[in-house]
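Trainee: The structure file work15.cif (mmCIF, C-alpha atoms) is provided below.
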```
data_work
loop_
_atom_site.label_atom_id
_atom_site.label_comp_id
_atom_site.auth_asym_id
_atom_site.auth_seq_id
_atom_site.Cartn_x
_atom_site.Cartn_y
_atom_site.Cartn_z
CA MET A 1 258.09 86.46 -65.04
CA LEU A 2 257.92 88.00 -61.56
CA HIS A 3 254.50 89.35 -62.38
CA ILE A 4 253.30 85.96 -63.62
CA LEU A 5 254.28 84.26 -60.39
CA ARG A 6 252.79 86.82 -58.01
CA PRO A 7 250.03 85.23 -55.91
CA GLU A 8 247.61 87.97 -57.00
CA ILE A 9 247.63 86.62 -60.53
CA PHE A 10 245.65 83.60 -59.36
CA GLN A 11 243.05 85.59 -57.43
CA SER A 12 239.67 86.22 -58.97
CA GLY A 13 239.66 89.51 -60.85
CA LYS A 14 236.81 91.84 -61.72
CA ASP A 15 237.86 92.71 -65.19
CA GLY A 16 240.36 91.89 -67.91
CA ASN A 17 240.96 88.86 -70.06
CA GLY A 18 242.45 86.85 -67.21
CA ASP A 19 239.08 86.21 -65.52
CA GLY A 20 238.54 82.90 -67.30
CA MET A 21 241.91 81.45 -66.28
CA GLN A 22 241.62 82.81 -62.74
CA SER A 23 238.13 81.38 -62.33
CA PHE A 24 239.26 78.02 -63.67
CA LEU A 25 242.20 77.78 -61.27
CA LYS A 26 240.01 78.90 -58.38
CA SER A 27 237.24 76.44 -59.22
CA ILE A 28 239.51 73.41 -58.97
CA HIS A 29 241.10 74.63 -55.72
CA LEU A 30 244.72 74.41 -56.76
CA GLU A 31 247.42 74.99 -54.18
CA THR A 32 249.94 77.76 -54.80
CA ARG A 33 252.65 75.37 -56.02
CA GLU A 34 250.11 73.62 -58.27
CA LYS A 35 249.20 76.98 -59.78
CA ASP A 36 252.89 77.69 -60.26
CA ALA A 37 253.35 74.37 -62.03
CA PHE A 38 250.33 75.02 -64.25
CA VAL A 39 251.60 78.48 -65.26
CA VAL A 40 255.18 77.28 -65.75
CA HIS A 41 254.21 74.46 -68.08
CA ALA A 42 251.66 76.54 -69.98
CA LEU A 43 254.37 79.16 -70.51
CA PHE A 44 256.94 76.56 -71.49
CA SER A 45 254.50 74.95 -73.95
CA LEU A 46 254.09 78.33 -75.65
CA ILE A 47 257.86 78.79 -75.77
CA CYS A 48 258.22 75.31 -77.33
CA ILE A 49 255.69 76.12 -80.05
CA LEU A 50 257.37 79.41 -80.86
CA MET A 51 260.83 77.84 -80.88
CA ILE A 52 259.81 74.92 -83.09
CA VAL A 53 257.84 76.89 -85.68
CA ALA A 54 260.21 79.87 -85.78
CA PRO A 55 261.36 80.34 -89.41
CA VAL A 56 265.05 80.45 -88.61
CA ASN A 57 267.83 78.24 -89.91
CA VAL A 58 268.59 76.43 -86.65
CA ARG A 59 268.97 72.65 -86.53
CA THR A 60 266.62 70.53 -84.41
CA GLY A 61 269.27 69.47 -81.91
CA ILE A 62 270.18 73.04 -81.07
CA ARG A 63 266.53 74.04 -80.69
CA LEU A 64 265.85 71.16 -78.31
CA PHE A 65 269.04 71.90 -76.37
CA VAL A 66 267.96 75.52 -75.90
CA LEU A 67 264.48 74.42 -74.79
CA VAL A 68 265.97 72.06 -72.21
CA ILE A 69 268.10 74.87 -70.78
CA VAL A 70 265.12 77.25 -70.73
CA TYR A 71 263.00 74.69 -68.88
CA ASP A 72 265.68 74.13 -66.25
CA LEU A 73 266.20 77.87 -65.75
CA ILE A 74 262.45 78.43 -65.33
CA LEU A 75 262.18 75.65 -62.74
CA VAL A 76 265.16 76.94 -60.77
CA PHE A 77 263.87 80.51 -60.89
CA VAL A 78 260.39 79.54 -59.69
CA GLY A 79 261.79 77.41 -56.87
CA TRP A 80 264.09 80.23 -55.79
CA PHE A 81 261.44 82.95 -56.10
CA ARG A 82 258.87 80.93 -54.13
CA LYS A 83 261.49 79.68 -51.68
CA ASP A 84 260.05 76.23 -52.36
CA ARG A 85 262.69 73.78 -51.14
CA ASP A 86 260.72 70.69 -52.25
CA TRP A 87 260.38 72.10 -55.79
CA LEU A 88 264.15 72.60 -56.01
CA GLN A 89 264.93 69.21 -54.48
CA LEU A 90 262.72 67.52 -57.06
CA TRP A 91 264.46 69.43 -59.85
CA ILE A 92 267.87 68.33 -58.55
CA PHE A 93 266.80 64.68 -58.38
CA VAL A 94 265.28 64.44 -61.86
CA SER A 95 268.18 66.43 -63.34
CA ILE A 96 270.65 63.90 -61.97
CA LEU A 97 268.51 61.04 -63.26
CA SER A 98 268.25 62.71 -66.68
CA LEU A 99 272.06 62.76 -66.91
CA PHE A 100 272.20 59.04 -66.15
CA GLN A 101 269.48 58.31 -68.72
CA VAL A 102 272.03 58.90 -71.46
CA PHE A 103 273.37 55.37 -70.78
CA PRO A 104 270.17 53.42 -71.59
CA ASP A 105 269.73 55.48 -74.77
CA TRP A 106 273.36 54.84 -75.66
CA PHE A 107 272.92 51.10 -75.07
CA LEU A 108 269.74 50.92 -77.17
CA SER A 109 271.30 52.85 -80.04
CA ALA A 110 274.90 51.57 -80.03
CA GLN A 111 274.52 47.97 -78.87
CA LEU A 112 271.02 46.85 -79.82
CA LYS A 113 270.84 49.33 -82.72
CA ILE A 114 267.10 49.81 -82.27
CA LEU A 115 267.18 53.53 -81.48
CA VAL A 116 268.51 56.19 -83.84
CA PHE A 117 269.62 59.73 -83.12
CA PRO A 118 270.15 61.31 -86.55
CA GLU A 119 272.55 64.16 -87.13
CA ASP A 120 270.82 67.22 -85.72
CA GLY A 121 273.51 69.87 -85.49
CA LEU A 122 274.35 69.23 -81.83
CA PHE A 123 277.22 67.37 -80.18
CA LYS A 124 276.73 63.71 -79.31
CA ILE A 125 277.61 61.61 -76.30
CA GLY A 126 278.53 58.38 -78.03
CA THR A 127 275.51 57.87 -80.27
CA VAL A 128 273.14 60.02 -78.18
CA SER A 129 272.35 63.64 -78.96
CA GLY A 130 273.53 66.05 -76.26
CA TYR A 131 270.10 67.47 -75.42
CA MET A 132 269.11 64.08 -73.97
CA MET A 133 271.22 64.90 -70.91
CA GLY A 134 268.43 67.22 -69.82
CA LEU A 135 265.39 66.24 -71.84
CA TRP A 136 264.28 63.53 -69.39
CA THR A 137 264.01 66.24 -66.72
CA ILE A 138 260.82 67.57 -68.29
CA PRO A 139 258.53 64.49 -68.17
CA LEU A 140 260.04 63.18 -64.94
CA PHE A 141 259.49 66.45 -63.08
CA ILE A 142 255.85 66.53 -64.22
CA ILE A 143 255.25 62.86 -63.36
CA VAL A 144 256.72 63.05 -59.87
CA PHE A 145 255.08 66.40 -59.13
CA VAL A 146 251.66 65.11 -60.14
CA GLY A 147 252.24 61.90 -58.16
CA GLU A 148 253.09 63.90 -55.04
CA GLN A 149 250.03 66.09 -55.32
CA MET A 150 247.75 63.09 -55.97
CA GLU A 151 249.12 61.34 -52.90
CA LYS A 152 248.34 64.41 -50.79
CA ARG A 153 244.80 64.62 -52.11
CA PHE A 154 243.92 60.94 -52.35
CA SER A 155 246.13 57.99 -51.41
CA SER A 156 249.39 56.28 -52.32
CA GLY A 157 247.54 53.66 -54.33
CA LYS A 158 245.67 56.20 -56.45
CA ALA A 159 248.85 58.21 -56.86
CA ALA A 160 250.68 55.12 -58.14
CA LEU A 161 247.91 54.47 -60.66
CA GLY A 162 248.03 58.11 -61.74
CA VAL A 163 251.81 58.05 -62.10
CA GLY A 164 251.71 54.85 -64.16
CA PHE A 165 249.00 56.20 -66.47
CA LEU A 166 250.69 59.59 -66.85
CA SER A 167 254.01 57.88 -67.62
CA LEU A 168 252.36 55.87 -70.39
CA ILE A 169 250.69 58.95 -71.86
CA MET A 170 253.74 61.21 -71.70
CA PHE A 171 256.39 58.78 -72.88
CA GLY A 172 254.12 57.11 -75.42
CA GLY A 173 253.08 60.51 -76.72
CA SER A 174 256.71 61.53 -77.07
CA GLU A 175 257.51 58.40 -79.08
CA GLN A 176 254.51 59.04 -81.32
CA THR A 177 255.24 62.70 -82.05
CA LEU A 178 258.88 63.72 -81.58
CA TRP A 179 260.07 61.75 -84.61
CA MET A 180 258.50 64.54 -86.68
CA LEU A 181 261.17 66.89 -85.33
CA GLU A 182 263.88 64.53 -86.58
CA SER A 183 265.02 64.01 -82.99
CA TRP A 184 265.07 60.24 -82.52
CA TYR A 185 263.17 57.20 -83.76
CA ALA A 186 262.99 53.45 -83.17
CA ARG A 187 263.77 50.84 -85.80
CA ASN A 188 263.79 47.06 -86.25
CA VAL A 189 261.19 46.55 -83.49
CA THR A 190 257.44 46.00 -83.29
CA MET A 191 255.68 49.34 -83.64
CA VAL A 192 252.20 50.78 -83.30
CA GLY A 193 252.35 53.95 -85.30
CA HIS A 194 255.73 55.32 -84.27
CA VAL A 195 255.68 53.84 -80.78
CA ALA A 196 257.98 50.91 -80.00
CA ILE A 197 255.91 48.42 -77.98
CA TYR A 198 258.82 46.93 -76.03
CA ILE A 199 259.65 50.24 -74.32
CA LEU A 200 256.19 51.09 -72.95
CA ILE A 201 256.35 48.93 -69.81
CA PRO A 202 259.92 50.00 -68.99
CA GLU A 203 258.81 53.64 -69.28
CA ILE A 204 255.92 53.03 -66.90
CA ILE A 205 258.39 51.36 -64.53
CA LEU A 206 260.67 54.39 -64.90
CA GLY A 207 257.90 56.78 -63.93
CA LEU A 208 256.85 54.73 -60.91
CA ALA A 209 260.43 54.14 -59.77
CA THR A 210 261.28 57.84 -60.07
CA TRP A 211 258.21 58.84 -58.06
CA TYR A 212 258.85 56.26 -55.34
CA GLY A 213 262.61 56.78 -55.35
CA TYR A 214 262.22 60.50 -54.84
CA LYS A 215 259.92 59.87 -51.86
CA MET A 216 262.73 57.87 -50.28
CA VAL A 217 265.49 60.46 -50.75
CA LYS A 218 263.74 63.85 -51.01
CA SER A 219 265.04 64.94 -47.60
CA ARG A 220 268.51 63.40 -48.12
CA ASN A 221 271.60 65.05 -49.55
CA VAL A 222 272.81 64.96 -53.15
CA LEU A 223 274.85 61.80 -52.63
CA TYR A 224 271.76 59.80 -51.68
CA LYS A 225 269.84 61.31 -54.58
CA THR A 226 272.65 60.38 -56.96
CA ILE A 227 272.75 56.78 -55.73
CA ALA A 228 268.97 56.48 -56.05
CA ALA A 229 268.99 58.01 -59.53
CA PHE A 230 271.74 55.64 -60.66
CA GLY A 231 269.73 52.67 -59.39
CA ILE A 232 266.60 53.85 -61.20
CA MET A 233 268.58 54.23 -64.43
CA GLN A 234 269.83 50.65 -64.09
CA LEU A 235 266.29 49.43 -63.45
CA TYR A 236 265.10 51.16 -66.61
CA LEU A 237 268.01 49.87 -68.68
CA GLY A 238 267.47 46.32 -67.45
CA SER A 239 263.71 46.54 -68.05
CA ALA A 240 264.26 47.85 -71.58
CA ALA A 241 266.68 45.03 -72.39
CA TYR A 242 264.40 42.41 -70.81
CA PHE A 243 261.22 43.46 -72.61
CA TYR A 244 263.10 43.83 -75.88
CA PHE A 245 264.34 40.25 -75.48
CA VAL A 246 260.88 38.92 -74.55
CA LEU A 247 258.87 40.73 -77.21
CA GLU A 248 261.32 40.85 -80.08
CA THR A 249 263.15 37.53 -79.59
CA LEU A 250 260.88 35.11 -77.74
CA VAL A 251 257.44 36.25 -78.89
CA ARG A 252 258.29 37.08 -82.49
CA SER A 253 260.29 33.88 -82.95
#
```
Would you write the structure of this file as structure tokens?
Mentor:
Amino acid sequence: MLHILRPEIFQSGKDGNGDGMQSFLKSIHLETREKDAFVVHALFSLICILMIVAPVNVRTGIRLFVLVIVYDLILVFVGWFRKDRDWLQLWIFVSILSLFQVFPDWFLSAQLKILVFPEDGLFKIGTVSGYMMGLWTIPLFIIVFVGEQMEKRFSSGKAALGVGFLSLIMFGGSEQTLWMLESWYARNVTMVGHVAIYILIPEIILGLATWYGYKMVKSRNVLYKTIAAFGIMQLYLGSAAYFYFVLETLVRS
């Protein structure tokens, strides 16, 4: 891992199989932390594939829980190794928010009964599988990181558009694919494929609110980050309930 993150790995080489990747990263003029993020998520994607397809008798919930822990450890290690304070502050913020995100999932599954977390071999928090405490960290870190880099390169307006679009792609993609792992699935709502329509706008709002909220508290202490994360969770929960009511009660009636 130390070798992967050395700056030299991103410099153009004269031989070896890494020339293609090095040339690609150089051609799009990525900053050091952008290169780090690219390598981290490429590595994590490979780990996910290996973990999911591994022919071992391990239940889905435990596999996802392990992957969440691995992702967090990688982020913390990279932030520490690079001495990148902003990287670590972002991880802290989205990790706190991910903990709070258990409550909307709990509400949707226990009260509205439109979200199901089947038995997956892992402990549950109410009706929510335990890995959800950290799973939101993954998309939210990516979304906010990309939003920050877009704002540096372009403008706040373009960054907001990018964050909204990326939120739709990432969360919508998760809804469409993760059911195959027997992780969670929606029921009794309007669907396109395996995607619940009512939740798409709330998830876009979540992505935008997380990006903007982090901008407001990135230089503040953990208390401010916790308050902001709690407010964002409530915004998402309220948005989910509102759009469920509008689309599933008013429109369908």
Trainee: Enumerate, as an mmCIF file with C-alpha atoms, in the frame of the given file, the residues matched when the PyMOL selection byres ((chain A and resi 202) around 6) is run on the file above.
Mentor:
```
data_model
loop_
_atom_site.group_PDB
_atom_site.id
_atom_site.type_symbol
_atom_site.label_atom_id
_atom_site.label_comp_id
_atom_site.auth_asym_id
_atom_site.auth_seq_id
_atom_site.Cartn_x
_atom_site.Cartn_y
_atom_site.Cartn_z
ATOM 1 C CA ILE A 199 259.650 50.240 -74.320
ATOM 2 C CA LEU A 200 256.190 51.090 -72.950
ATOM 3 C CA ILE A 201 256.350 48.930 -69.810
ATOM 4 C CA GLU A 203 258.810 53.640 -69.280
ATOM 5 C CA ILE A 204 255.920 53.030 -66.900
ATOM 6 C CA ILE A 205 258.390 51.360 -64.530
ATOM 7 C CA TYR A 236 265.100 51.160 -66.610
ATOM 8 C CA SER A 239 263.710 46.540 -68.050
ATOM 9 C CA ALA A 240 264.260 47.850 -71.580
#
```
Trainee: At what distance in Å, to one decimal, does atom CA of Tyr185 of chain A lie from atom CA of Thr249 of chain A?
Mentor: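 It comes out at 20.1 Å.
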Trainee: What's the 10 Å shell around Phe165 of chain A, counting all atoms listed in the file, without same-chain residues fewer than 4 positions away, as an MDAnalysis selection string?
Mentor: chainID A and resid 143 159:161 169:170 204 207:208
Trainee: Just so the selection is clear, what residues does the PyMOL selection byres ((chain A and resi 176) around 10) cover here, as a compact mmCIF listing (two decimals) with C-alpha atoms, keeping the file's coordinate frame?
Mentor:
```
# COMPACT_ATOMS: atom_id res chain seq x y z
CA MET A 170 253.74 61.21 -71.70
CA PHE A 171 256.39 58.78 -72.88
CA GLY A 172 254.12 57.11 -75.42
CA GLY A 173 253.08 60.51 -76.72
CA SER A 174 256.71 61.53 -77.07
CA GLU A 175 257.51 58.40 -79.08
CA THR A 177 255.24 62.70 -82.05
CA LEU A 178 258.88 63.72 -81.58
CA TRP A 179 260.07 61.75 -84.61
CA MET A 180 258.50 64.54 -86.68
CA TYR A 185 263.17 57.20 -83.76
CA VAL A 192 252.20 50.78 -83.30
CA GLY A 193 252.35 53.95 -85.30
CA HIS A 194 255.73 55.32 -84.27
CA VAL A 195 255.68 53.84 -80.78
CA ALA A 196 257.98 50.91 -80.00
```
Trainee: The PyMOL selection byres ((chain A and resi 217) around 10) - which residues does that actually catch in the file I just gave you? List them as a list in words.
Mentor: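 For this structure, the PyMOL selection byres ((chain A and resi 217) around 10) captures Gln89, Leu90, Phe93, Tyr212, Gly213, Tyr214, Lys215, Met216, Lys218, Ser219, Arg220, Asn221, Val222, Leu223, Tyr224, Lys225, Thr226, Ile227, Ala228 and Ala229 of chain A.
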Trainee: Got a sec to write segment 200-244 of chain A of the block to a file, C-alpha atoms, as a short mmCIF file (atom, residue, chain, number, x, y, z; two decimals), in the first residue's frame?
Mentor:
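Resulting contents of result.cif:
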```
data_model
loop_
_atom_site.label_atom_id
_atom_site.label_comp_id
_atom_site.auth_asym_id
_atom_site.auth_seq_id
_atom_site.Cartn_x
_atom_site.Cartn_y
_atom_site.Cartn_z
CA LEU A 200 -34.48 9.41 -6.32
CA ILE A 201 -35.09 13.10 -5.59
CA PRO A 202 -34.41 12.69 -1.85
CA GLU A 203 -31.11 11.00 -2.73
CA ILE A 204 -30.14 13.87 -5.01
CA ILE A 205 -31.04 16.26 -2.18
CA LEU A 206 -28.90 14.16 0.16
CA GLY A 207 -25.89 14.41 -2.11
CA LEU A 208 -26.25 18.17 -2.57
CA ALA A 209 -26.90 18.79 1.13
CA THR A 210 -23.88 16.70 2.15
CA TRP A 211 -21.61 18.56 -0.27
CA TYR A 212 -22.86 21.98 0.80
CA GLY A 213 -23.05 21.07 4.48
CA TYR A 214 -19.46 19.90 4.49
CA LYS A 215 -18.37 23.20 2.93
CA MET A 216 -19.95 24.99 5.87
CA VAL A 217 -18.31 22.91 8.63
CA LYS A 218 -15.12 21.47 7.13
CA SER A 219 -12.92 23.72 9.27
CA ARG A 220 -15.10 23.34 12.40
CA ASN A 221 -14.78 20.79 15.17
CA VAL A 222 -16.59 17.47 15.48
CA LEU A 223 -19.53 18.99 17.36
CA TYR A 224 -20.37 21.28 14.43
CA LYS A 225 -19.93 18.40 12.00
CA THR A 226 -22.26 16.23 14.09
CA ILE A 227 -24.95 18.92 14.22
CA ALA A 228 -24.71 19.46 10.46
CA ALA A 229 -24.82 15.71 9.77
CA PHE A 230 -27.88 15.31 11.99
CA GLY A 231 -29.64 18.13 10.12
CA ILE A 232 -28.82 16.57 6.74
CA MET A 233 -30.19 13.22 7.93
CA GLN A 234 -33.44 14.90 8.96
CA LEU A 235 -33.65 16.66 5.59
CA TYR A 236 -33.25 13.33 3.81
CA LEU A 237 -35.78 11.58 6.05
CA GLY A 238 -38.32 14.35 5.56
CA SER A 239 -37.73 14.40 1.79
CA ALA A 240 -38.16 10.63 1.58
CA ALA A 241 -41.43 10.76 3.53
CA TYR A 242 -42.69 13.73 1.50
CA PHE A 243 -41.98 12.26 -1.93
CA TYR A 244 -43.36 8.89 -0.85
#
```
